[in-house]
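Colleague: Have a look at this one.
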Amino acid sequence: MRIGLLIAVALVTLGASTSISFAVSCTQQGGTCKTWASGQGADAAKYAAKCSSEVKACIARCKAGNKVFIGVYSGAGGGQNYPIDECK
């Protein structure tokens, strides 16, 4: 009985930690970008401006068929591509 309960709890925990994918637009990803930028200390304003610029670039790219938001971080590992579902 206890093993069954432990398995059930583990499955619920695993399910809760799995992210569900929803449609993401350039504007929504830009908002996520700005939230991240706000935590970047002295560079926060610089990154927030880059996020705003990338929203416009993302919409143009998306309408041309390349549905990706390009991350604005300029350090190592920066410039990651984030898939976009909607061009708005």
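Labels used: A, B, ... for chains in the order of the structure tokens, numbers from 1 for residues in each chain, and numbers from 1 for ligands as shown.
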Which neighbours of A:Tyr73 fall inside 10 Å, counting only C-alpha atoms, when residues of the same chain fewer than 5 positions from it are skipped, and could you give them as a ChimeraX atom specification?
Modeller: /A:33,36-37,40,47,50-51,78-80
Colleague: Atoms to include: N, CA and C atoms. Write the selected residues as a PDB file, in the first residue's frame.
Modeller:
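For reference, part_35.pdb as written:
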```
ATOM      1  N   CYS A  33      11.408  38.273 -22.002  1.00  0.00           N
ATOM      2  CA  CYS A  33      12.743  38.860 -22.143  1.00  0.00           C
ATOM      3  C   CYS A  33      12.895  40.079 -21.218  1.00  0.00           C
ATOM      4  N   TRP A  36      13.265  39.062 -17.635  1.00  0.00           N
ATOM      5  CA  TRP A  36      14.645  38.634 -17.407  1.00  0.00           C
ATOM      6  C   TRP A  36      15.563  39.860 -17.330  1.00  0.00           C
ATOM      7  N   ALA A  37      15.385  40.817 -18.247  1.00  0.00           N
ATOM      8  CA  ALA A  37      16.243  42.010 -18.302  1.00  0.00           C
ATOM      9  C   ALA A  37      16.189  42.808 -17.006  1.00  0.00           C
ATOM     10  N   GLN A  40      18.935  42.200 -14.443  1.00  0.00           N
ATOM     11  CA  GLN A  40      20.325  42.244 -14.903  1.00  0.00           C
ATOM     12  C   GLN A  40      21.116  43.441 -14.379  1.00  0.00           C
ATOM     13  N   TYR A  47      19.367  45.884 -21.774  1.00  0.00           N
ATOM     14  CA  TYR A  47      18.748  44.634 -22.219  1.00  0.00           C
ATOM     15  C   TYR A  47      17.253  44.813 -22.493  1.00  0.00           C
ATOM     16  N   LYS A  50      16.919  46.179 -25.871  1.00  0.00           N
ATOM     17  CA  LYS A  50      17.195  45.133 -26.857  1.00  0.00           C
ATOM     18  C   LYS A  50      15.999  44.197 -26.998  1.00  0.00           C
ATOM     19  N   CYS A  51      15.321  43.911 -25.891  1.00  0.00           N
ATOM     20  CA  CYS A  51      14.125  43.060 -25.934  1.00  0.00           C
ATOM     21  C   CYS A  51      13.053  43.716 -26.805  1.00  0.00           C
ATOM     22  N   GLY A  78      24.776  33.394 -25.134  1.00  0.00           N
ATOM     23  CA  GLY A  78      23.714  34.315 -25.529  1.00  0.00           C
ATOM     24  C   GLY A  78      23.252  34.089 -26.958  1.00  0.00           C
ATOM     25  N   GLY A  79      22.203  34.788 -27.326  1.00  0.00           N
ATOM     26  CA  GLY A  79      21.672  34.697 -28.672  1.00  0.00           C
ATOM     27  C   GLY A  79      20.931  33.406 -28.953  1.00  0.00           C
ATOM     28  N   GLN A  80      20.374  32.796 -27.920  1.00  0.00           N
ATOM     29  CA  GLN A  80      19.631  31.548 -28.103  1.00  0.00           C
ATOM     30  C   GLN A  80      18.349  31.814 -28.879  1.00  0.00           C
TER      31      GLN A  80
END
```
Colleague: Skipping near chain neighbours, those fewer than 2 positions away, what residues fall within 10 Å of A:Tyr82 using only C-alpha atoms, listed as a list in words?
Modeller: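 What passes the distance filter is Val24, Cys26, Gln29, Lys67, Val68, Phe69, Ile70, Gly71, Gly79, Gln80 and Ile84 of chain A.
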Colleague: Which residues, written as a list in words, have at least one atom at most 10 Å from A:Ser38, with only C-alpha atoms counted and residues fewer than 6 positions away on the same chain left out?
Modeller: Ala44, Ala45, Lys46, Tyr47 and Ala48 of chain A
Colleague: I need the residue nearest A:Glu54 from this list: A:Thr35, A:Ser74, A:Gly30, A:Ala42. Use only C-alpha atoms for the distance.
Modeller: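 Nearest to A:Glu54: A:Gly30.
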Colleague: So which residues touch A:Ala23 within 10 Å, counting only C-alpha atoms, skipping near sequence neighbours fewer than 6 positions away, as a list of chain:residue names?
Modeller: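 The contact residues come out as A:Pro83, A:Ile84, A:Asp85, A:Glu86.
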Colleague: For the selection you just gave me, I'd like the residues written to a file as a PDB file, in the first residue's frame, keeping C-alpha atoms.
Modeller:
```pdb
ATOM      1  CA  PRO A  83      10.476  29.094 -31.033  1.00  0.00           C
ATOM      2  CA  ILE A  84       7.494  31.313 -31.819  1.00  0.00           C
ATOM      3  CA  ASP A  85       4.027  30.132 -32.825  1.00  0.00           C
ATOM      4  CA  GLU A  86       2.318  33.451 -33.552  1.00  0.00           C
TER       5      GLU A  86
END
```
